[in-house]
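The structure file upload.cif is reproduced below (mmCIF, C-alpha atoms).
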```cif
data_entry
#
loop_
_atom_site.label_atom_id
_atom_site.label_comp_id
_atom_site.auth_asym_id
_atom_site.auth_seq_id
_atom_site.Cartn_x
_atom_site.Cartn_y
_atom_site.Cartn_z
CA MET B 1 196.19 111.65 232.50
CA CYS B 2 193.96 108.58 232.67
CA LEU B 3 190.92 110.85 233.04
CA ILE B 4 191.94 112.63 229.83
CA ALA B 5 192.54 109.35 227.99
CA ARG B 6 189.23 107.88 229.09
CA HIS B 7 187.42 111.07 228.11
CA PHE B 8 188.76 111.11 224.55
CA GLU B 9 188.18 107.38 224.12
CA SER B 10 184.57 107.91 225.14
CA LEU B 11 184.36 110.51 222.36
CA GLY B 12 185.68 107.95 219.85
CA LEU B 13 189.32 109.07 219.60
CA PRO B 14 191.89 106.31 220.22
CA THR B 15 194.55 107.29 222.78
CA LEU B 16 197.85 105.98 224.02
CA ILE B 17 199.58 107.06 227.24
CA LEU B 18 203.37 106.91 227.44
CA GLY B 19 204.15 107.13 231.13
CA SER B 20 206.67 106.27 233.83
CA ALA B 21 204.52 106.21 236.98
CA LEU B 22 203.14 102.69 236.92
CA ASP B 23 201.14 102.95 240.14
CA ILE B 24 199.46 106.23 239.16
CA MET B 25 198.62 104.93 235.70
CA GLY B 26 197.34 101.65 237.09
CA ALA B 27 194.97 103.40 239.48
CA GLY B 28 193.36 105.25 236.58
CA LYS B 29 192.79 102.16 234.39
CA PRO B 30 193.92 103.67 231.08
CA PRO B 31 192.54 102.47 227.74
CA ARG B 32 196.02 101.96 226.21
CA ALA B 33 199.29 102.71 227.95
CA ARG B 34 202.97 101.92 227.56
CA PHE B 35 205.07 101.98 230.71
CA VAL B 36 208.71 103.01 230.41
CA ASN B 37 210.60 102.38 233.65
CA TYR B 38 212.58 105.61 233.54
CA PRO B 39 212.49 108.29 236.24
CA LEU B 40 209.80 110.96 235.92
CA GLY B 41 210.95 113.63 233.52
CA PHE B 42 212.28 111.13 230.97
CA GLU B 43 209.03 109.63 229.69
CA SER B 44 210.09 110.14 226.08
CA GLY B 45 213.72 109.19 226.48
CA ARG B 46 217.08 109.84 228.09
CA PHE B 47 218.76 113.21 228.51
CA ARG B 48 220.43 114.45 225.33
CA ASP B 49 220.17 110.97 223.82
CA LYS B 50 218.33 111.48 220.54
CA THR B 51 218.75 107.84 219.54
CA ASN B 52 217.06 106.63 222.71
CA GLN B 53 214.32 109.26 222.50
CA LEU B 54 213.45 108.18 218.98
CA ALA B 55 213.53 104.50 219.97
CA VAL B 56 211.23 105.03 222.98
CA VAL B 57 208.65 106.98 221.01
CA ARG B 58 208.85 104.61 218.04
CA GLU B 59 208.25 101.56 220.26
CA ALA B 60 205.56 103.29 222.31
CA LEU B 61 203.50 104.18 219.24
CA LYS B 62 203.27 100.51 218.31
CA GLY B 63 200.91 100.28 221.26
CA PHE B 64 198.17 101.89 219.20
CA VAL B 65 198.02 98.67 217.17
CA ASP B 66 199.36 96.07 219.59
CA ILE B 67 197.11 96.89 222.57
CA THR B 68 193.72 95.44 221.72
CA SER B 69 192.22 95.30 225.20
CA PRO B 70 192.52 97.96 227.92
CA GLY B 71 195.76 97.86 229.85
CA ILE B 72 199.36 98.90 230.43
CA VAL B 73 202.11 97.17 228.47
CA PRO B 74 205.74 97.70 229.59
CA LEU B 75 208.38 98.85 227.14
CA ASP B 76 211.64 96.97 227.08
CA PHE B 77 213.97 99.81 228.05
CA GLU B 78 216.12 99.90 231.16
CA TRP B 79 217.39 102.98 232.93
CA GLN B 80 221.12 102.41 233.26
CA ALA B 81 222.28 105.87 234.27
CA GLY B 82 221.76 105.23 237.98
CA TRP B 83 218.69 105.77 240.11
CA ASP B 84 220.75 106.85 243.10
CA MET B 85 221.74 110.10 241.43
CA LEU B 86 218.11 110.84 240.67
CA ASN B 87 216.87 109.95 244.13
CA GLU B 88 219.51 112.26 245.53
CA ARG B 89 218.44 115.00 243.15
CA GLU B 90 214.86 114.75 244.32
CA LYS B 91 215.75 114.96 247.99
CA GLY B 92 215.52 118.46 249.34
CA LYS B 93 214.28 119.97 246.12
CA LEU B 94 210.81 118.80 247.03
CA ASP B 95 211.07 121.19 249.94
CA ASN B 96 212.19 124.10 247.79
CA ARG B 97 209.67 124.03 245.01
CA SER B 98 207.97 127.21 243.94
CA PRO B 99 204.82 128.18 245.83
CA ARG B 100 201.41 126.76 245.03
CA THR B 101 199.80 130.06 244.08
CA THR B 102 198.00 131.56 241.09
CA GLU B 103 201.11 133.48 239.97
CA PRO B 104 202.55 132.18 236.68
CA GLN B 105 205.83 130.37 237.32
CA TYR B 106 208.14 131.22 234.45
CA GLN B 107 211.12 129.07 233.68
CA THR B 108 213.20 132.22 233.14
CA GLU B 109 212.81 135.94 233.73
CA ASP B 110 213.24 136.43 229.99
CA ASP B 111 210.13 134.30 229.49
CA ARG B 112 208.22 136.59 231.82
CA ARG B 113 209.25 139.67 229.84
CA ALA B 114 208.47 137.95 226.51
CA ALA B 115 204.97 137.14 227.77
CA GLY B 116 204.31 140.77 228.61
CA GLY B 117 205.47 140.67 232.20
CA GLN B 118 202.39 138.96 233.58
CA MET C 1 217.42 92.33 237.48
CA LYS C 2 215.14 95.12 236.38
CA PRO C 3 214.50 97.80 239.01
CA THR C 4 211.14 97.72 240.74
CA PRO C 5 208.84 100.51 239.54
CA THR C 6 208.95 103.50 241.86
CA GLU C 7 205.98 103.95 244.22
CA TYR C 8 205.14 107.52 243.32
CA ILE C 9 201.80 107.61 245.13
CA ARG C 10 203.40 106.60 248.42
CA GLN C 11 206.43 108.88 247.92
CA THR C 12 204.33 111.91 247.06
CA ARG C 13 201.91 111.28 249.90
CA GLU C 14 204.85 111.27 252.32
CA SER C 15 206.50 114.36 250.86
CA TYR C 16 203.23 116.34 250.78
CA GLU C 17 202.67 115.46 254.43
CA LYS C 18 206.13 116.81 255.28
CA LEU C 19 205.44 119.96 253.27
CA GLY C 20 202.12 120.49 255.03
CA PHE C 21 200.17 120.18 251.76
CA GLU C 22 196.70 118.74 251.77
CA PRO C 23 196.66 115.05 250.82
CA TYR C 24 196.44 114.61 247.05
CA GLN C 25 193.74 112.30 245.73
CA TRP C 26 194.86 110.44 242.65
CA PHE C 27 192.20 109.39 240.20
CA HIS C 28 191.10 105.83 240.88
CA ALA C 29 188.90 104.39 238.14
CA GLU C 30 186.24 101.95 239.20
CA ASP C 31 185.07 100.80 235.81
CA GLU C 32 186.91 99.50 232.78
CA PRO C 33 187.69 102.07 230.09
CA LYS C 34 186.21 102.19 226.65
CA LEU C 35 188.71 101.28 223.94
CA THR C 36 188.07 102.85 220.55
CA PRO C 37 189.43 100.75 217.68
CA LEU C 38 191.73 102.43 215.18
CA ALA C 39 189.96 103.56 212.03
CA LYS C 40 193.14 103.34 209.94
CA PRO C 41 196.82 102.47 210.31
CA LEU C 42 199.22 104.83 212.10
CA SER C 43 200.94 105.46 208.76
CA GLU C 44 197.71 106.97 207.44
CA SER C 45 196.63 108.68 210.65
CA LYS C 46 196.87 112.23 211.95
CA LEU C 47 198.45 112.14 215.40
CA GLY C 48 198.09 114.70 218.17
CA LEU C 49 199.85 115.08 221.51
CA ILE C 50 198.86 116.25 224.98
CA SER C 51 201.51 116.81 227.64
CA THR C 52 200.69 117.33 231.32
CA ALA C 53 204.17 118.69 232.04
CA GLY C 54 203.05 122.32 232.07
CA THR C 55 204.68 122.83 228.68
CA TYR C 56 204.60 126.33 227.22
CA VAL C 57 206.37 128.23 224.47
CA HIS C 58 208.66 131.21 225.04
CA GLY C 59 206.31 134.19 224.66
CA GLN C 60 203.29 132.46 226.19
CA VAL C 61 202.07 132.99 229.75
CA ALA C 62 203.41 130.26 232.04
CA TYR C 63 201.23 128.02 234.16
CA TYR C 64 200.66 128.63 237.84
CA TYR C 65 200.85 125.91 240.45
CA LYS C 66 197.51 126.14 242.25
CA ASP C 67 194.98 124.11 240.27
CA ASP C 68 195.58 125.74 236.87
CA THR C 69 193.03 124.27 234.45
CA SER C 70 194.11 126.31 231.42
CA ILE C 71 195.80 124.81 228.37
CA ARG C 72 198.39 125.97 225.82
CA ALA C 73 198.57 125.21 222.11
CA ILE C 74 202.11 124.28 221.12
CA PRO C 75 202.58 124.45 217.32
CA SER C 76 204.15 121.16 216.26
CA ASP C 77 206.85 123.02 214.33
CA THR C 78 207.99 124.97 217.42
CA ALA C 79 211.77 125.10 217.78
CA VAL C 80 212.91 122.88 220.65
CA LYS C 81 214.89 125.79 222.10
CA ASP C 82 211.62 127.66 222.69
CA ILE C 83 209.92 124.92 224.74
CA ARG C 84 209.55 125.65 228.45
CA PHE C 85 207.94 123.98 231.48
CA SER C 86 206.15 125.31 234.55
CA HIS C 87 204.81 122.52 236.72
CA ILE C 88 204.30 121.93 240.43
CA MET C 89 206.60 118.90 240.13
CA GLU C 90 209.39 121.10 238.77
CA ASN C 91 211.98 119.05 240.61
CA TYR C 92 211.45 116.36 237.97
CA LEU C 93 212.07 118.82 235.13
CA VAL C 94 215.70 119.79 235.78
CA GLU C 95 216.92 117.92 232.70
CA ALA C 96 213.82 118.55 230.57
CA ARG C 97 214.39 122.28 230.92
CA GLN C 98 217.72 121.71 229.14
CA ASP C 99 216.48 119.04 226.72
CA PRO C 100 212.67 119.33 226.38
CA CYS C 101 212.49 116.20 224.24
CA THR C 102 212.88 114.02 227.35
CA VAL C 103 209.19 114.67 228.09
CA PHE C 104 207.92 116.48 224.99
CA PRO C 105 209.11 114.50 221.95
CA LEU C 106 208.98 117.16 219.25
CA GLU C 107 211.97 115.82 217.35
CA ALA C 108 211.08 112.13 217.55
CA LEU C 109 207.54 112.74 216.28
CA THR C 110 208.80 114.87 213.39
CA GLN C 111 211.33 112.18 212.50
CA LEU C 112 208.68 109.43 212.58
CA GLU C 113 206.42 111.50 210.35
CA SER C 114 209.28 111.99 207.87
CA GLU C 115 209.86 108.21 207.86
CA GLY C 116 206.19 107.61 207.08
CA ILE C 117 205.59 105.76 210.37
CA ILE C 118 203.09 108.48 211.31
CA GLY C 119 200.82 109.69 208.52
CA GLU C 120 200.59 113.30 209.63
CA LEU C 121 201.19 115.37 212.73
CA ALA C 122 198.69 117.79 214.21
CA GLY C 123 199.32 121.46 213.54
CA ASN C 124 199.09 122.08 217.26
CA TYR C 125 199.95 119.92 220.23
CA PHE C 126 198.48 120.81 223.61
CA SER C 127 199.63 120.99 227.20
CA CYS C 128 198.12 121.41 230.62
CA MET C 129 199.11 121.04 234.24
CA GLY C 130 198.92 117.86 236.23
CA GLY C 131 198.55 117.84 240.00
CA ILE C 132 195.15 119.55 240.07
CA TYR C 133 193.55 118.87 243.45
CA SER C 134 189.92 119.08 242.37
CA LYS C 135 188.69 116.21 240.22
CA ASN C 136 185.55 118.26 239.55
CA ARG C 137 187.62 121.08 238.09
CA VAL C 138 189.48 118.60 235.89
CA ILE C 139 186.17 117.26 234.61
CA ASN C 140 184.31 120.57 234.35
CA GLU C 141 187.10 122.91 233.23
CA LEU C 142 190.18 121.12 231.94
CA LEU C 143 188.50 118.38 229.91
CA PRO C 144 186.16 120.77 228.04
CA ASN C 145 189.14 123.07 227.33
CA LEU C 146 191.09 120.17 225.86
CA GLU C 147 188.13 118.70 224.01
CA LYS C 148 187.38 122.00 222.27
CA ALA C 149 191.01 122.52 221.25
CA VAL C 150 191.70 118.94 220.17
CA SER C 151 188.51 118.71 218.10
CA LYS C 152 189.77 121.50 215.84
CA GLU C 153 192.81 119.40 214.94
CA GLN C 154 190.66 116.63 213.41
CA LEU C 155 192.85 113.85 214.79
CA ASP C 156 192.76 110.12 214.22
CA LEU C 157 195.00 109.29 217.21
CA LEU C 158 196.07 111.02 220.39
CA LEU C 159 199.33 110.44 222.24
CA LEU C 160 199.33 111.43 225.92
CA ILE C 161 202.52 111.99 227.88
CA PRO C 162 202.18 112.71 231.61
CA LEU C 163 205.03 114.08 233.69
#
```

Mind converting the file's structure to structure tokens?
Amino acid sequence: MCLIARHFESLGLPTLILGSALDIMGAGKPPRARFVNYPLGFESGRFRDKTNQLAVVREALKGFVDITSPGIVPLDFEWQAGWDMLNEREKGKLDNRSPRTTEPQYQTEDDRRAAGGQ
Amino acid sequence: MKPTPTEYIRQTRESYEKLGFEPYQWFHAEDEPKLTPLAKPLSESKLGLISTAGTYVHGQVAYYYKDDTSIRAIPSDTAVKDIRFSHIMENYLVEARQDPCTVFPLEALTQLESEGIIGELAGNYFSCMGGIYSKNRVINELLPNLEKAVSKEQLDLLLLIPL
């Protein structure tokens, strides 16, 4: 995502990354980024928690104004739902992910039919 | 005490090795980025969004997992129930597939526009896949695809949300 951000900034469009992988973002030296220390998959807020989702996005967007030199500024949200559950979730499933092929990977079979069965 | 940020590069390197995948090369920037100043306040700006979570809409062709450099336009008034994800890191999308707003904040952005915090939202947001092995293909295929699409939206600001 840092490549994308840097590309659009070079074209004159201000960008802001909202991300949860601090090491990956840091390696790419983003123009403006807010780091939310939530597990991947919750970059814009907690599961079925509309209040938290709105708060995360609202605070993140302030970075457009507040970040005046390139860098990553942490957001002040803490993940309190338990990292152990998520770490457990990730175990094993990494080994069962869908194949790395050029076949479209639909979320549901109904999606495949709706897209014309491709 | 706040939890230490997860070391995703190390974790993924280890899991890819176990899976027999080729080592993934994350982008490492050598030089400092350009920072474009804002031309006007957020409350007067048109905001766009790019997601790298492989987001698509019910009815669109899904992404594939081997270096897919295509993009999808996601109309910003799409119903949340029609948002889908196809991404090589699908194990991180278990919850997002039930509540897409955890990675694709359609509702929050609409709410912030209605409050006047954001001046205007783009007609279309855009998505693509992360995890593309070839940096050259990102630069020569994905970036031009995104640039062409985003330029039509005439944006003042661009929010980027990686998976």

Practice prompt. Take atom CA of Pro100 of chain C and atom CA of Lys81 of chain C and report the distance between them in Å, one decimal.
Written response: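 A separation of 8.1 Å between them.
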
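Using all atoms listed in the file, the nearest neighbour of Leu159 of chain C within the list C:Ala62, C:Leu142, C:Leu109, C:Ile83 is C:Leu109.
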
Fill in: d(atom CA of Trp79 of chain B, atom CA of Tyr38 of chain B) in Å
5.5 Å

Worksheet item: Mind listing as a ChimeraX atom specification which residues of chain C are within 6 Å of chain B, counting all atoms listed in the file?
Response: /C:27-29,33,35-36,58-66,86,92-93,102-103,108,157-163

Worksheet entry | Residues matched by the PyMOL selection byres ((chain C and resi 41) around 12), written as a ChimeraX atom specification | /B:14,61-66 /C:37-40,42-47,116-120,156-157

Item to complete: Take atom CA of Arg13 of chain C and atom CA of Ile72 of chain B and report the distance between them in Å, one decimal.
Response: 23.2 Å

Worksheet item: Could you spell out the hits of the PyMOL selection byres ((chain C and resi 145-147) around 10) on the shown file, as JSON, numbers by chain?
Response: {"B": [4, 7, 8, 11], "C": [50, 69, 70, 71, 72, 73, 126, 127, 128, 138, 139, 140, 141, 142, 143, 144, 148, 149, 150, 151, 152]}

Item to complete: For the file shown, report as a ChimeraX atom specification the outcome of the PyMOL selection byres ((chain C and resi 77) around 9) at residue level.
Response: /C:74-76,78-80,106,110,123-124
